[in-house]
Structure formats: structure tokens, C-alpha cells
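Below is the file upload.csv, which contains CSV, N, CA and C atoms.
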```csv
chain,number,residue,atom,x,y,z
O,1,MET,N,-51.5,9.7,27.2
O,1,MET,CA,-52.7,9.6,26.4
O,1,MET,C,-52.5,8.3,25.6
O,2,LYS,N,-53.6,7.6,25.6
O,2,LYS,CA,-53.6,6.4,24.8
O,2,LYS,C,-53.8,6.7,23.3
O,3,THR,N,-53.4,5.8,22.4
O,3,THR,CA,-53.5,6.0,21.0
O,3,THR,C,-54.9,6.4,20.5
O,4,LYS,N,-55.9,5.6,21.1
O,4,LYS,CA,-57.3,5.8,20.6
O,4,LYS,C,-57.8,7.2,21.0
O,5,GLU,N,-57.3,7.7,22.2
O,5,GLU,CA,-57.7,9.1,22.6
O,5,GLU,C,-57.0,10.1,21.7
O,6,LEU,N,-55.8,9.9,21.4
O,6,LEU,CA,-55.1,10.8,20.5
O,6,LEU,C,-55.8,10.9,19.2
O,7,ILE,N,-56.1,9.7,18.6
O,7,ILE,CA,-56.8,9.7,17.3
O,7,ILE,C,-58.2,10.4,17.4
O,8,ARG,N,-58.9,10.1,18.5
O,8,ARG,CA,-60.2,10.8,18.7
O,8,ARG,C,-60.1,12.3,18.7
O,9,GLN,N,-59.1,12.8,19.5
O,9,GLN,CA,-59.0,14.2,19.6
O,9,GLN,C,-58.5,14.8,18.2
O,10,LEU,N,-57.6,14.1,17.5
O,10,LEU,CA,-57.2,14.6,16.2
O,10,LEU,C,-58.4,14.7,15.3
O,11,GLN,N,-59.2,13.6,15.2
O,11,GLN,CA,-60.3,13.6,14.3
O,11,GLN,C,-61.4,14.7,14.7
O,12,GLU,N,-61.5,15.0,16.0
O,12,GLU,CA,-62.4,16.0,16.5
O,12,GLU,C,-61.9,17.4,16.0
O,13,ALA,N,-60.6,17.6,16.2
O,13,ALA,CA,-60.0,18.9,15.8
O,13,ALA,C,-59.9,19.1,14.3
O,14,ASP,N,-59.8,18.0,13.5
O,14,ASP,CA,-59.7,18.1,12.1
O,14,ASP,C,-60.4,16.9,11.4
O,15,PRO,N,-61.7,17.0,11.3
O,15,PRO,CA,-62.4,15.9,10.7
O,15,PRO,C,-62.0,15.5,9.3
O,16,SER,N,-61.5,16.5,8.5
O,16,SER,CA,-61.0,16.3,7.2
O,16,SER,C,-59.7,15.5,7.1
O,17,GLY,N,-58.9,15.6,8.2
O,17,GLY,CA,-57.6,15.0,8.2
O,17,GLY,C,-56.6,15.7,7.3
O,18,GLU,N,-56.8,17.0,7.0
O,18,GLU,CA,-55.9,17.7,6.0
O,18,GLU,C,-55.1,18.8,6.7
O,19,ILE,N,-55.3,19.1,8.0
O,19,ILE,CA,-54.5,20.1,8.7
O,19,ILE,C,-53.2,19.6,9.1
O,20,GLU,N,-52.1,20.3,9.0
O,20,GLU,CA,-50.8,19.9,9.5
O,20,GLU,C,-50.8,19.8,11.0
O,21,CYS,N,-50.1,18.7,11.4
O,21,CYS,CA,-49.9,18.5,12.9
O,21,CYS,C,-48.5,18.9,13.3
O,22,CYS,N,-48.3,19.2,14.5
O,22,CYS,CA,-47.0,19.6,15.0
O,22,CYS,C,-46.8,19.3,16.4
O,23,ILE,N,-45.5,19.3,16.9
O,23,ILE,CA,-45.2,19.2,18.3
O,23,ILE,C,-44.3,20.4,18.6
O,24,ASP,N,-44.7,21.3,19.4
O,24,ASP,CA,-44.0,22.6,19.7
O,24,ASP,C,-43.6,23.3,18.4
O,25,ASN,N,-44.6,23.4,17.5
O,25,ASN,CA,-44.4,24.0,16.2
O,25,ASN,C,-43.4,23.4,15.3
O,26,ALA,N,-43.0,22.2,15.6
O,26,ALA,CA,-42.1,21.4,14.7
O,26,ALA,C,-42.9,20.3,14.0
O,27,ASP,N,-42.5,20.0,12.8
O,27,ASP,CA,-43.2,18.9,12.0
O,27,ASP,C,-43.0,17.6,12.7
O,28,ILE,N,-43.9,16.7,12.4
O,28,ILE,CA,-43.8,15.3,13.0
O,28,ILE,C,-43.0,14.5,11.9
O,29,PHE,N,-41.8,14.0,12.3
O,29,PHE,CA,-40.9,13.4,11.4
O,29,PHE,C,-41.3,11.9,11.3
O,30,PHE,N,-41.5,11.2,12.4
O,30,PHE,CA,-42.0,9.8,12.3
O,30,PHE,C,-42.6,9.4,13.6
O,31,VAL,N,-43.2,8.2,13.6
O,31,VAL,CA,-43.8,7.7,14.8
O,31,VAL,C,-43.3,6.2,15.0
O,32,GLU,N,-43.0,5.8,16.2
O,32,GLU,CA,-42.4,4.5,16.4
O,32,GLU,C,-42.9,3.8,17.7
O,33,ARG,N,-43.1,2.5,17.6
O,33,ARG,CA,-43.5,1.8,18.8
O,33,ARG,C,-42.2,1.2,19.4
O,34,LEU,N,-42.1,1.4,20.7
O,34,LEU,CA,-40.9,1.1,21.5
O,34,LEU,C,-41.3,0.4,22.8
O,35,PRO,N,-40.3,-0.4,23.4
O,35,PRO,CA,-40.6,-0.8,24.8
O,35,PRO,C,-40.7,0.4,25.7
O,36,ALA,N,-41.5,0.4,26.7
O,36,ALA,CA,-41.8,1.5,27.6
O,36,ALA,C,-40.5,2.0,28.3
O,37,TYR,N,-39.5,1.1,28.5
O,37,TYR,CA,-38.3,1.5,29.2
O,37,TYR,C,-37.3,2.1,28.2
O,38,TYR,N,-37.4,1.9,26.9
O,38,TYR,CA,-36.4,2.3,26.0
O,38,TYR,C,-36.2,3.8,26.0
O,39,ASP,N,-35.0,4.3,26.0
O,39,ASP,CA,-34.6,5.7,26.0
O,39,ASP,C,-35.1,6.5,27.2
O,40,GLY,N,-35.4,5.8,28.2
O,40,GLY,CA,-35.9,6.5,29.5
O,40,GLY,C,-37.3,6.0,29.7
O,41,ARG,N,-37.7,5.7,30.9
O,41,ARG,CA,-39.0,5.2,31.2
O,41,ARG,C,-40.1,6.1,30.8
O,42,LEU,N,-41.2,5.5,30.4
O,42,LEU,CA,-42.4,6.3,30.1
O,42,LEU,C,-43.0,7.0,31.3
O,43,GLN,N,-43.3,8.2,31.1
O,43,GLN,CA,-44.0,9.0,32.2
O,43,GLN,C,-45.4,9.4,31.7
O,44,THR,N,-46.4,9.1,32.5
O,44,THR,CA,-47.8,9.4,32.2
O,44,THR,C,-48.4,10.2,33.3
O,45,LEU,N,-49.4,10.9,33.0
O,45,LEU,CA,-50.2,11.7,34.0
O,45,LEU,C,-51.5,11.0,34.2
O,46,LYS,N,-51.9,10.9,35.5
O,46,LYS,CA,-53.2,10.3,35.8
O,46,LYS,C,-54.2,11.5,35.8
O,47,ARG,N,-55.4,11.2,35.3
O,47,ARG,CA,-56.4,12.3,35.2
O,47,ARG,C,-57.8,11.8,35.7
O,48,ASP,N,-58.6,12.7,36.3
O,48,ASP,CA,-59.9,12.3,36.7
O,48,ASP,C,-60.8,12.4,35.5
O,49,LYS,N,-62.1,12.1,35.7
O,49,LYS,CA,-63.1,12.1,34.6
O,49,LYS,C,-63.3,13.4,34.0
O,50,ASN,N,-62.8,14.5,34.6
O,50,ASN,CA,-62.9,15.9,34.0
O,50,ASN,C,-61.6,16.3,33.4
O,51,GLY,N,-60.6,15.4,33.3
O,51,GLY,CA,-59.4,15.6,32.7
O,51,GLY,C,-58.3,16.3,33.6
O,52,GLN,N,-58.7,16.6,34.8
O,52,GLN,CA,-57.8,17.2,35.8
O,52,GLN,C,-56.7,16.2,36.2
O,53,ILE,N,-55.4,16.7,36.3
O,53,ILE,CA,-54.3,15.9,36.6
O,53,ILE,C,-54.4,15.6,38.1
O,54,THR,N,-54.4,14.3,38.5
O,54,THR,CA,-54.5,13.9,39.9
O,54,THR,C,-53.2,13.1,40.4
O,55,GLY,N,-52.3,12.8,39.5
O,55,GLY,CA,-51.1,12.0,39.8
O,55,GLY,C,-50.3,11.7,38.6
O,56,ALA,N,-49.3,10.9,38.8
O,56,ALA,CA,-48.4,10.6,37.8
O,56,ALA,C,-47.9,9.1,37.9
O,57,LYS,N,-47.4,8.6,36.8
O,57,LYS,CA,-46.9,7.2,36.9
O,57,LYS,C,-45.7,7.1,36.0
O,58,VAL,N,-44.7,6.3,36.5
O,58,VAL,CA,-43.5,6.0,35.7
O,58,VAL,C,-43.6,4.5,35.3
O,59,ILE,N,-43.5,4.2,34.0
O,59,ILE,CA,-43.8,2.8,33.5
O,59,ILE,C,-42.5,2.3,32.8
O,60,SER,N,-42.1,1.1,33.1
O,60,SER,CA,-41.0,0.4,32.4
O,60,SER,C,-41.4,-0.9,31.8
O,61,LYS,N,-42.7,-1.3,31.9
O,61,LYS,CA,-43.1,-2.5,31.3
O,61,LYS,C,-44.1,-2.2,30.2
O,62,GLY,N,-44.2,-3.0,29.2
O,62,GLY,CA,-45.1,-2.8,28.0
O,62,GLY,C,-44.4,-2.0,27.0
O,63,ASP,N,-45.2,-1.3,26.2
O,63,ASP,CA,-44.8,-0.5,25.0
O,63,ASP,C,-45.3,0.9,25.1
O,64,LYS,N,-44.7,1.7,24.2
O,64,LYS,CA,-45.1,3.1,24.1
O,64,LYS,C,-45.0,3.5,22.6
O,65,ILE,N,-45.8,4.5,22.2
O,65,ILE,CA,-45.7,5.1,20.9
O,65,ILE,C,-45.0,6.4,21.1
O,66,LYS,N,-43.9,6.5,20.4
O,66,LYS,CA,-43.1,7.8,20.5
O,66,LYS,C,-43.2,8.6,19.2
O,67,ILE,N,-43.6,9.8,19.3
O,67,ILE,CA,-43.7,10.7,18.2
O,67,ILE,C,-42.5,11.6,18.2
O,68,TYR,N,-41.8,11.6,17.0
O,68,TYR,CA,-40.6,12.4,16.9
O,68,TYR,C,-40.8,13.6,16.1
O,69,PRO,N,-40.6,14.8,16.6
O,69,PRO,CA,-40.6,16.0,15.8
O,69,PRO,C,-39.3,16.3,15.2
O,70,LEU,N,-39.3,17.1,14.1
O,70,LEU,CA,-38.1,17.6,13.5
O,70,LEU,C,-38.4,19.0,13.0
O,71,SER,N,-37.7,19.9,13.6
O,71,SER,CA,-37.9,21.3,13.2
O,71,SER,C,-37.0,21.7,12.0
O,72,ILE,N,-37.3,22.8,11.4
O,72,ILE,CA,-36.5,23.3,10.3
O,72,ILE,C,-35.1,23.5,10.7
O,73,GLN,N,-34.9,24.2,11.9
O,73,GLN,CA,-33.6,24.6,12.3
O,73,GLN,C,-32.8,23.3,12.7
O,74,GLU,N,-33.4,22.3,13.2
O,74,GLU,CA,-32.7,21.0,13.4
O,74,GLU,C,-32.3,20.4,12.1
O,75,HIS,N,-33.1,20.4,11.1
O,75,HIS,CA,-32.7,19.8,9.8
O,75,HIS,C,-31.6,20.6,9.1
O,76,PHE,N,-31.5,21.9,9.5
O,76,PHE,CA,-30.4,22.7,8.9
O,76,PHE,C,-29.0,22.0,9.2
O,77,LEU,N,-28.9,21.3,10.3
O,77,LEU,CA,-27.7,20.6,10.6
O,77,LEU,C,-27.4,19.5,9.6
O,78,ASP,N,-28.4,18.9,9.0
O,78,ASP,CA,-28.2,17.9,7.9
O,78,ASP,C,-28.1,18.6,6.5
O,79,ASN,N,-28.8,19.7,6.4
O,79,ASN,CA,-28.9,20.4,5.1
O,79,ASN,C,-29.0,21.9,5.3
O,80,PRO,N,-27.9,22.6,5.5
O,80,PRO,CA,-28.0,24.0,5.7
O,80,PRO,C,-28.5,24.8,4.5
O,81,GLU,N,-28.6,24.2,3.4
O,81,GLU,CA,-29.1,24.9,2.2
O,81,GLU,C,-30.5,24.6,1.9
O,82,LEU,N,-31.2,23.9,2.8
O,82,LEU,CA,-32.6,23.6,2.7
O,82,LEU,C,-33.4,24.7,2.2
O,83,GLU,N,-34.2,24.5,1.1
O,83,GLU,CA,-35.1,25.6,0.6
O,83,GLU,C,-36.2,25.8,1.6
O,84,VAL,N,-36.5,27.0,2.0
O,84,VAL,CA,-37.6,27.3,2.9
O,84,VAL,C,-38.5,28.3,2.2
O,85,GLN,N,-39.8,27.9,2.1
O,85,GLN,CA,-40.8,28.8,1.6
O,85,GLN,C,-41.5,29.4,2.8
O,86,TYR,N,-41.9,30.7,2.6
O,86,TYR,CA,-42.5,31.4,3.7
O,86,TYR,C,-43.9,31.8,3.3
O,87,GLU,N,-44.9,31.4,4.1
O,87,GLU,CA,-46.3,31.8,3.9
O,87,GLU,C,-46.6,32.8,5.1
O,88,THR,N,-45.8,33.8,5.2
O,88,THR,CA,-46.0,34.8,6.2
O,88,THR,C,-45.4,36.2,5.8
O,89,ASP,N,-46.0,37.2,6.3
O,89,ASP,CA,-45.4,38.6,6.0
O,89,ASP,C,-44.5,39.0,7.1
O,90,ASN,N,-44.3,38.2,8.1
O,90,ASN,CA,-43.6,38.5,9.3
O,90,ASN,C,-42.1,38.5,9.0
O,91,GLU,N,-41.5,39.6,8.8
O,91,GLU,CA,-40.0,39.6,8.5
O,91,GLU,C,-39.2,39.1,9.6
O,92,PHE,N,-39.6,39.3,10.8
O,92,PHE,CA,-38.9,38.7,12.0
O,92,PHE,C,-38.7,37.2,11.9
O,93,ALA,N,-39.8,36.5,11.5
O,93,ALA,CA,-39.7,35.1,11.3
O,93,ALA,C,-38.7,34.7,10.3
O,94,LYS,N,-38.6,35.4,9.2
O,94,LYS,CA,-37.7,35.1,8.2
O,94,LYS,C,-36.2,35.4,8.7
O,95,GLU,N,-36.1,36.5,9.3
O,95,GLU,CA,-34.7,36.9,9.8
O,95,GLU,C,-34.3,35.9,10.9
O,96,TRP,N,-35.2,35.5,11.7
O,96,TRP,CA,-34.8,34.5,12.8
O,96,TRP,C,-34.4,33.2,12.2
O,97,LEU,N,-35.1,32.7,11.2
O,97,LEU,CA,-34.8,31.4,10.6
O,97,LEU,C,-33.5,31.5,9.9
O,98,GLU,N,-33.2,32.6,9.2
O,98,GLU,CA,-31.9,32.7,8.5
O,98,GLU,C,-30.7,32.8,9.5
O,99,LYS,N,-31.0,33.3,10.7
O,99,LYS,CA,-29.9,33.3,11.8
O,99,LYS,C,-29.7,31.9,12.2
O,100,GLU,N,-30.8,31.1,12.3
O,100,GLU,CA,-30.7,29.7,12.7
O,100,GLU,C,-29.9,28.9,11.7
O,101,ARG,N,-30.2,29.2,10.4
O,101,ARG,CA,-29.4,28.6,9.3
O,101,ARG,C,-27.9,28.9,9.5
O,102,GLN,N,-27.6,30.1,9.7
O,102,GLN,CA,-26.2,30.5,9.9
O,102,GLN,C,-25.6,29.8,11.1
O,103,LYS,N,-26.3,29.7,12.2
O,103,LYS,CA,-25.8,29.0,13.4
O,103,LYS,C,-25.5,27.5,13.0
O,104,ALA,N,-26.4,26.9,12.2
O,104,ALA,CA,-26.1,25.5,11.8
O,104,ALA,C,-24.9,25.4,10.9
O,105,LYS,N,-24.7,26.4,10.0
O,105,LYS,CA,-23.5,26.4,9.2
O,105,LYS,C,-22.2,26.5,10.1
O,106,ASP,N,-22.3,27.4,11.1
O,106,ASP,CA,-21.2,27.6,12.0
O,106,ASP,C,-20.9,26.4,12.7
O,107,ILE,N,-21.9,25.6,13.2
O,107,ILE,CA,-21.7,24.4,13.9
O,107,ILE,C,-21.0,23.4,13.0
O,108,ILE,N,-21.5,23.2,11.8
O,108,ILE,CA,-21.0,22.3,10.8
O,108,ILE,C,-19.5,22.6,10.5
O,109,GLU,N,-19.2,23.9,10.3
O,109,GLU,CA,-17.9,24.3,10.1
O,109,GLU,C,-16.9,24.0,11.2
O,110,GLU,N,-17.4,24.2,12.5
O,110,GLU,CA,-16.6,24.0,13.7
O,110,GLU,C,-16.3,22.5,13.9
O,111,VAL,N,-17.4,21.7,13.7
O,111,VAL,CA,-17.2,20.2,13.8
O,111,VAL,C,-16.2,19.7,12.7
O,112,ASP,N,-16.4,20.2,11.5
O,112,ASP,CA,-15.5,19.8,10.4
O,112,ASP,C,-14.1,20.1,10.7
O,113,LYS,N,-13.9,21.4,11.2
O,113,LYS,CA,-12.5,21.8,11.6
O,113,LYS,C,-11.9,20.9,12.7
O,114,ASP,N,-12.7,20.6,13.7
O,114,ASP,CA,-12.3,19.8,14.8
O,114,ASP,C,-12.0,18.4,14.3
O,115,MET,N,-12.8,17.8,13.4
O,115,MET,CA,-12.6,16.5,12.9
O,115,MET,C,-11.3,16.4,12.1
O,116,ARG,N,-11.0,17.5,11.3
O,116,ARG,CA,-9.7,17.6,10.5
O,116,ARG,C,-8.5,17.7,11.5
O,117,ALA,N,-8.7,18.5,12.5
O,117,ALA,CA,-7.6,18.6,13.5
O,117,ALA,C,-7.2,17.3,14.2
O,118,LYS,N,-8.3,16.5,14.4
O,118,LYS,CA,-8.0,15.2,15.1
O,118,LYS,C,-7.7,14.1,14.1
O,119,GLY,N,-7.7,14.4,12.8
O,119,GLY,CA,-7.3,13.4,11.8
O,119,GLY,C,-8.4,12.5,11.4
O,120,PHE,N,-9.6,12.8,11.7
O,120,PHE,CA,-10.7,11.9,11.3
O,120,PHE,C,-11.1,12.2,9.8
O,121,ILE,N,-10.8,13.4,9.4
O,121,ILE,CA,-11.0,13.8,8.0
O,121,ILE,C,-9.7,14.4,7.5
O,122,LYS,N,-9.3,13.9,6.3
O,122,LYS,CA,-8.1,14.4,5.7
O,122,LYS,C,-8.3,15.8,5.1
O,123,GLN,N,-7.2,16.5,5.0
O,123,GLN,CA,-7.3,17.9,4.5
O,123,GLN,C,-8.0,18.0,3.1
O,124,ASP,N,-7.9,17.0,2.3
O,124,ASP,CA,-8.5,17.0,0.9
O,124,ASP,C,-10.0,16.7,1.0
O,125,GLY,N,-10.5,16.5,2.1
O,125,GLY,CA,-12.0,16.3,2.3
O,125,GLY,C,-12.4,14.8,2.4
O,126,ASN,N,-11.4,13.9,2.2
O,126,ASN,CA,-11.8,12.5,2.3
O,126,ASN,C,-11.4,11.9,3.6
```

This structure in C-alpha cells:
Amino acid sequence: MKTKELIRQLQEADPSGEIECCIDNADIFFVERLPAYYDGRLQTLKRDKNGQITGAKVISKGDKIKIYPLSIQEHFLDNPELEVQYETDNEFAKEWLEKERQKAKDIIEEVDKDMRAKGFIKQDGN
């Protein structure tokens, strides 16, 4: 999808520009322009005038706009104590996210333990 089409669809879906956007329910962290070949060649789908997919294309020349999502559970790896506000009565959602927080803490602990064992981190934390 070209940038102008993405902007058109976003403005059609939210003329006020005030609704949160997401990718697979994750927040959009940032947007970057890159060469089409960077971090893997760009893949696009060809569509007919009705929007039906008719083919595909792999592109390595030119540029692409890459949208980077960042989910709460991914950010837990940087900050497992991240404050999370809930605007839901769904207890399952809260329990699930707290399990994800604990998984991140476990990963951080395991990596730290491994780094200490290999001598990359001294026992006193430095």
C-alpha cells in the first residue's frame, strides 16, 4: 500500500485523527524510511480495481516506509515494572498481561544469570 492510500484510509476511518492506531493490537512505536532491500526485500501484493489480490511482487530497488509496532509485553523486556492502566473489566486480560510481565522478568533474570556465568557482568552488578 502506498503512503497516500494509507493516509486516505486512515482519514476515512478517523476524520478527527484522534483514534489510536495499532498493528496486531500493538502500539505504533515509530515509522522509518528505508531502502527497499534493507532488512529483507519489500513484498507487495498486486490488486485489481476492486482490491482483489491478483499477484505479488518482491522489490529490492527504491525505498519503503516501515511501521514498527511495540507491544506492552515486548516493552516489559526493557521495563518489567512498567505501569499499566486497564480500561477493561476483563479479568482475563489483566491476568494474561501479568503472566507476560512475569515471563519478561524470568527472561531478564535468566539472561543476567548467564551473563554473570560467562563473566560479562561481575557478581557485584558492574

Mind giving me the axis-aligned box for range 86-105 of chain O with 4 Å on every side, centre plus edges in Å to one decimal, as AutoDock Vina command-line options?
```
--center_x -34.4 --center_y 32.5 --center_z 8.0 --size_x 32.4 --size_y 22.2 --size_z 18.8
```

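Take the candidates O:Thr3, O:Gln11, O:Ser60, O:Gln102 and check each one against Tyr38 in chain O using all atoms listed in the file; the shortest distance goes to O:Ser60.
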
Pick out the closest residue to Ile107 in chain O from this set: O:Ser71, O:Ile59, O:Ala93, O:Leu77. Count only N, CA and C atoms.
O:Leu77

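Coordinates place CA of Lys2 in chain O at a distance of 19.1 Å from CA of Gly17 in chain O.
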
From a DSSP calculation on the backbone, collect every residue of chain O in strand (DSSP E) and output the set as a ChimeraX atom specification.
/O:22-23,26-35,42-47,53-59,63-70

Please return, as a VMD selection string, all residues of range 19-76 of chain O that DSSP assigns to alpha helix (DSSP H) on the basis of the backbone.
chain O and resid 72 to 75

Need the shell around Cys22 in chain O: protein/DNA/RNA residues with any atom at most 8 Å away, counting only N, CA and C atoms. Skip same-chain ones fewer than 5 positions apart. Format as a ChimeraX atom specification?
/O:27-28,69
